[in-house]
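Trainee: Here's a structure for you.
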Amino acid sequence: MKKQFIYILLGFLFIGNLSAQQTPAPKQKEAFSIEGATAHLGNGTVIENSLIMFSNGKLDFVGSANSRIARKGTIINGKGKHVYPGFIAANTSLGLAEIDAVRATRDFDEVGGYLPHIRSIIAYNAESKVVETMRPNGVLMAQITPRGGTISGTSSIVQFDAWNWEDAAMVFDDAIHINWPSSFSRGRWWLGEDAGLKPNKTYPEAVDKIVNYIKDAKNYLAGDRTPKNLPFEAMEKLLNGKQKLFVHASGEKPITDVINIFKKLNINNLVLVHAEGADKVADLIKDNNVSVIVNRAHRLPNSEDEDYDLPYRTAKILTDKGIVVGLGMEGDMERMSTRNLPFYAGTYAAYGLGKEEALKLITSNTAKILGIDNQVGTLEVGKDATLFISEGDALDMRTNIISQAFIQGRKISLETHQTKLWKRYSNKYQN
Amino acid sequence: MKKIVLLFLFCVSISFSQEYFPTNTGVKTIQNTTVAFTNATIYVTPTSKINKGTLLIKDGKVVNVGKNVTIPKEAKIVDVKGKYIYPSFIDVYSSFGIAPVKRSPGGDRGPQYDANRKGYYWNDHIRPETDPLTSFSFDAKKAKELIDAGFGVVNSHLEDGIMQGNGILVALNSDATNAYRVLEQKTTNHLSFSKSNASGQSYPTSRMGAMALIRQAYMDADWYGKGNSKNSDLSLEAINKNKDLPQIFNAGDAINALRADKVGDEFGIQYTILGGGDEFERIQDIKKTNATFIIPIDFRKAYDVSDKFLAEVISLHDMRKWNQEPSNPAMLAKNNVNFALTTHKLKSVKDFSKNLQKAIQYGLDKTKALEALTTTPASILNNTKIGNLSTGSYANFLITSGDIFDDKTTVHENWVQGSKNIINDMTIPSLEGTYMVSVNGNSYELTISGEGDKQKGEVKLGDKKLKSTFSFKDGWIQLAINDNGKFIRLVGTVVNDLNGVKGTGTDHYGNDITWNASKQVKKSDDKKSKKKSDDKTPEVVAVTYPNIGFGNTTKPVQQTILIKNTTVWTSENKQVLTGTDVLIKDGKISKIGKNLSARSAKVIDGTGKYLTAGIIDEHSHIATSAVNESGHNSTAEVTIEDVVDPDDINIYRNIAGGVTSIQILHGSANPIGGRSAIIKLKWGENAENMIYDNSPKFIKFALGENVKQSNWGDRQTIRFPQTRMGVEQVFIDYFQRAKEYDAKKKSGQPYRKDIELETLVEIINKERFITCHSYIQSEINMLMKVAEQFDFNVNTFTHILEGYKLADKMKKHGVGGSTFADWWAYKYEVNDAIPYNAAIMHNQGVTVAINSDDAEMSRRLNQEAAKTIKYGGLTEQEAWETVTINPAKLLHLDNRTGSIKEGKDADVVLWSDNPLSIYSKAEKTIIDGAIYFDIEKDIEKRKAIKAEKAKLVEMMLQEKIGGAPTQAPSKKQKKLFHCDTE
């Protein structure tokens, strides 16, 4: 029986190598020059007929193809095509679960309310089949974020071409995430209460608890630290200004509270996530240099009376107020939907933001917000050669057809479990 | 039992001693007291008034009434000069004296599929045999509340279950025995859509299941009545026995009233419907039911909008309802809807009079109001002896100080079955007015207000209010005044024809004193002007269709529309026409060509824009109040058509995304699901007008994890099937039984009509088509084989995420595929779901549609269609067809809609850009030639919502500042459905 099983297994391996993952590419050895493409730098600039050259994983040249400069290495003809910096997905639990309905595969929500010591990176599955599907759409990096509780834990930033989480990590433990309490609560319908939204009576208490937790951590860290308190230890980087704090909050009042309270607590590396209703307190947000990770555009309005297209316009509204805006993924089916990141930006583009400004939401702005803008986020000399070539406008699903992609100069495979099945069954019908 | 009651009625006296009962407490006395009320204004009925009339009562009945009534010598005469007499009110919808059934605690048990009871119907929620008389217990406290509110008789029943049993008619006579005050033992028969608390039996889990269950129970009762059943069934017997009683349905709101009425119409039953107070929102539809309504008047309190953040969560709909609800009775009356009023749903019966006043203030005619409390409920109950004061009727009447609906009027007495209840003693004079009190050389001002023994007094010295106590009882005034810490205590009696008071007292030092008070002349000007402003009908904001934000003030109508010089994607043979005109007339696409003209047409410049057929979503769950009936593994008897919700804002959001038609599918909770509703998104219309005429018949089937309840938790492991193997057998079993059923039916033998099997027979006979929720190739193949075994075809596989693995077999079978563009990884069975699925199936010749199954995705299906270009390389026109003509084909609607072709329904969308582009917006969405969405009108609607909300917030703040009670704000939650939503 066992033998038989092994034979079957071997058979599978020979037939199609079906279960194999995208194999990480070796380090960039030869240089590449992409010539003639329209380059979208990610900072608002577009270079028609561009020349982009990179070697040793870094961009050497970004400019016009009319430049009289020697082309390096393999020349890729980019005529009629578009080059973009690799897209970055903020606030996603990608790689922390494989199949939503299968509990055994879910690793994004730990037990407990205050978990700054919980680290997403060690559970990040670099070989996830879901992660694999990101690259063919131009999504090449992400901030892997845990969920649940009040302090969910610590996120890390990864790139998608790696053998394991350690190799994937671009920044370990970049930020701590707090789910700010809502100023509303829902009735417990299962106890016969009206299911409608009601003022949350425990809001002040819940806020107080967070404030005290942080104060306690400060006091602990200032003392002799015995006995060791793991959660408080995990707050040290944040309190020293070496880590960011992502506060997931929505509504005029909670957002105002978040900004004022953390200012008082001397935590200045603040990023707001979701931040619905932020337009009403935009000045406060801007004056305090806080950036915002907005939700995906493809969501329903929050209430019956809201404009049908308000979810499509939030990025435009906040950008117009002078706030640095990135795009996050948290929500329904967030892991598999992360590959649609470019299309959320596309919808924001359609509803007022314009293409290049919308592109920033998933490139330079997100890089800034995550603190990796010295490394990625734009096509600029000296930055990682993490980029891709698309047949057309990558923010539009009609034309987001990726022919080649590079992460840190490595030419990566765009094959996935899904493309393999596509080919396998297309072949079936050809015979 | 009934005979005994009748006997009592003839023999009893006021003291209720029975003539044949022995007496051991003295000599036997039987009183036959006759009472004559003279000089009253008497309303015999709301429309028949006698001035200065006499009402003569004896033995709890009216003996005579009129202007010239001969008063027998033995009669006690009560002169009620200046008073009014009305029939006491009737509450036809009550649960007075009947304890509610408590919900049996569910505990940790799994689901219950079978009934608790034996000898009754198979479903525990059908309880027509319930007779509340067996548990009736007169509730004197509650009776007093009702008597105080003017009620004399209530029709009471046990509010529990879908079929609830009969009602009993009870006079609120606290002095009598049940035998005397229970006027009728079987008055009405009651139904609702809610399950019984007495049983945890799962079925039905949904509104549509409840509707199907009622239908099946009626059919079974009919069959049972014809003697076809082998066993006896007490429930079915009761249905038949109660058939001729007035049938009262607790619908609870306007939309459900229409649903209940529809079920009734199918069986020739006109229900009397308990409404919800929101009938004004759909008044024309309500009128068309021809039903008599029972209307609660539990008007909501204003929301407390003093906290701006909280105020923002209240929907315009809720704000409007606060403003509009009090006008509901007036609206019903104006539209000639027959209705009775009820105390049902009121938190406190005490609010009844106040709310009734409010309804009148909002325009309810007083005669109609009185009818709604007397003659209309009496006619609902087919009882001529209540609700009027004609000779022979029950002596149930009110004595009031004036017109009963005037807010200055006091209700003095409420007589029930000739038994007196004093509410505000009319023998106690009213001292209302201002008096100058002279005591010890000081003059105090005493102002007395109120009626009967509840009169209040206030004392002032000059302009300064003094603390004091005041009472007026048994003709004595007791007054204590705190004058700067020095008390003066006074008692006195009324003298001088109510114009003065005289008495004695004790001062601060204990000295005896005397005092007197004289009434001051009223300043009447103030009152008059105040009254005037009160009489003004308050402002009621306009109802829209539907009555929520973005509703239409007037329903869109068909127009002649000429769209000029545009690019037309026809969805006909991948044809694209540039610089083309399209003429729409009488709801159809009338002409396609160049340089068209049409007189009086609305011309739309389509330059630079794109015109396409409207998007059709083959798999939607918006616009419905229910999705799954999960109580059985087969529920072919239920239909989404029963529960279409025309008020869902997602309809508007969908037309804003260019969607014109959708199939609302049953969910995937069971292998054989319910029937579909296929509708056009005519925003503002009612459910019936949205559903396609001669709609193609569809039913949802389902396979895989959902039907085997894999992800429902560990308790849900007892329902068959739990494996894919079992799923096949469910299908074979049901189709086999359907076949046998059909054969029996056709043979002419008597058969038990079964809605579920009738539906399955339609499938076998190719009259109804299956859309089957499916994922894995094995089960897809299985269902095709089962269908072939019964000689029919599966019409559509929906989701069909592994369709690409057996596209050749699908093509051969002739089934279409309606799939997601790129969903996967949400459960185990979608592991091999690939976004190339649509393209592979399409390339094999399968008719492929891209669908949503999601309220968010459906409003941008054009983008989802575009993904088929990215994944698998379809051309733009092929991609576009996956959301227009292809779903039309799958729904058998391709001869009516789905493409731009002369003669087809004018369901078209004008786009700002290439329709597949992410940058494209639907600018105009036209359905049957009427413009339902217009991007410019949308901007106006946004402004209107803002302005109306601001106005209503101000009105509510006004209420709060004016001291009216308010309620905490809350946000309306709309439930969003997917396939697996319970």
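Residues in the structure tokens are named by chain (A, B, ... in the order shown) and by number from 1 within that chain; ligands are numbered from 1 in the order shown.
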Could you build a table of the residues in chain A lying no more than 7 Å from chain B, giving for each the nearest pair of atoms and their separation in Å rounded to one decimal place, using only C-alpha atoms, ordered by chain and ascending residue number, as a Markdown table?
Mentor:
```
| residue | atom | partner | partner_atom | distance |
| --- | --- | --- | --- | --- |
| A:Glu98 | CA | B:Ala825 | CA | 6.8 |
| A:Ile99 | CA | B:Ala825 | CA | 5.0 |
| A:Asp100 | CA | B:Tyr826 | CA | 4.6 |
| A:Ala101 | CA | B:Lys827 | CA | 4.6 |
| A:Val102 | CA | B:Lys827 | CA | 6.6 |
| A:Gly196 | CA | B:Lys971 | CA | 5.0 |
| A:Leu197 | CA | B:Lys971 | CA | 4.6 |
| A:Lys198 | CA | B:Ser970 | CA | 4.8 |
| A:Pro199 | CA | B:Leu310 | CA | 6.9 |
| A:His298 | CA | B:Glu856 | CA | 7.0 |
| A:Arg299 | CA | B:Glu856 | CA | 5.9 |
| A:Leu300 | CA | B:Glu856 | CA | 5.6 |
| A:Glu304 | CA | B:Ile649 | CA | 6.1 |
| A:Asp305 | CA | B:Gly549 | CA | 5.2 |
| A:Asp307 | CA | B:Arg942 | CA | 6.8 |
| A:Tyr308 | CA | B:Arg653 | CA | 5.8 |
| A:Met336 | CA | B:Ala825 | CA | 6.6 |
| A:Gly346 | CA | B:Ile918 | CA | 6.3 |
| A:Thr347 | CA | B:Ile918 | CA | 6.1 |
| A:Ala350 | CA | B:Tyr919 | CA | 4.6 |
| A:Asp396 | CA | B:Ile918 | CA | 5.4 |
| A:Met397 | CA | B:Lys867 | CA | 5.5 |
| A:Arg398 | CA | B:Ala866 | CA | 5.2 |
| A:Thr399 | CA | B:Lys870 | CA | 6.7 |
| A:Asn400 | CA | B:Lys870 | CA | 6.6 |
| A:Ile401 | CA | B:Lys870 | CA | 5.9 |
| A:Gln418 | CA | B:Ile834 | CA | 5.3 |
| A:Trp422 | CA | B:Tyr836 | CA | 6.1 |
| A:Tyr425 | CA | B:Lys805 | CA | 6.3 |
| A:Ser426 | CA | B:Ile840 | CA | 6.7 |
```
Trainee: Residues at most 7 Å from region 781-792 of chain B, counting only C-alpha atoms, excluding those fewer than 6 positions away in the same chain, as a ChimeraX atom specification?
Mentor: /B:732,764,766
Trainee: Keeping only C-alpha atoms, write those residues as a CSV table (one decimal), in the first residue's frame.
Mentor:
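That gives us again-v8.csv:
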```csv
chain,number,residue,atom,x,y,z
B,732,ILE,CA,-32.2,10.5,-7.3
B,764,ILE,CA,-38.4,16.6,-15.3
B,766,LYS,CA,-38.4,20.6,-18.9
```
Trainee: Excluding Lys81 (chain A) and its own-chain neighbours fewer than 6 positions away, which residues fall within 6 Å of it when counting only C-alpha atoms? Please give them as a list in words.
Mentor: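 The residues that qualify are Ala37, Ser390, Glu391 and Gly392 of chain A.
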Trainee: Could you please take those selected residues and save C-alpha atoms as a PDB file, in the first residue's frame?
Mentor:
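Writing the result to part-v1.pdb gives the following:
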```pdb
ATOM      1  CA  ALA A  37       8.510  51.359 -22.593  1.00  0.00           C
ATOM      2  CA  SER A 390       2.847  45.171 -18.310  1.00  0.00           C
ATOM      3  CA  GLU A 391       1.303  45.002 -21.761  1.00  0.00           C
ATOM      4  CA  GLY A 392      -0.811  48.007 -20.894  1.00  0.00           C
TER       5      GLY A 392
END
```
Trainee: Which is closer to Lys242 (chain A) than all the others in A:Asn269, A:Ser67, A:Asn302, A:Ser291, using only C-alpha atoms?
Mentor: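 Nearest to Lys242 (chain A): A:Asn269.
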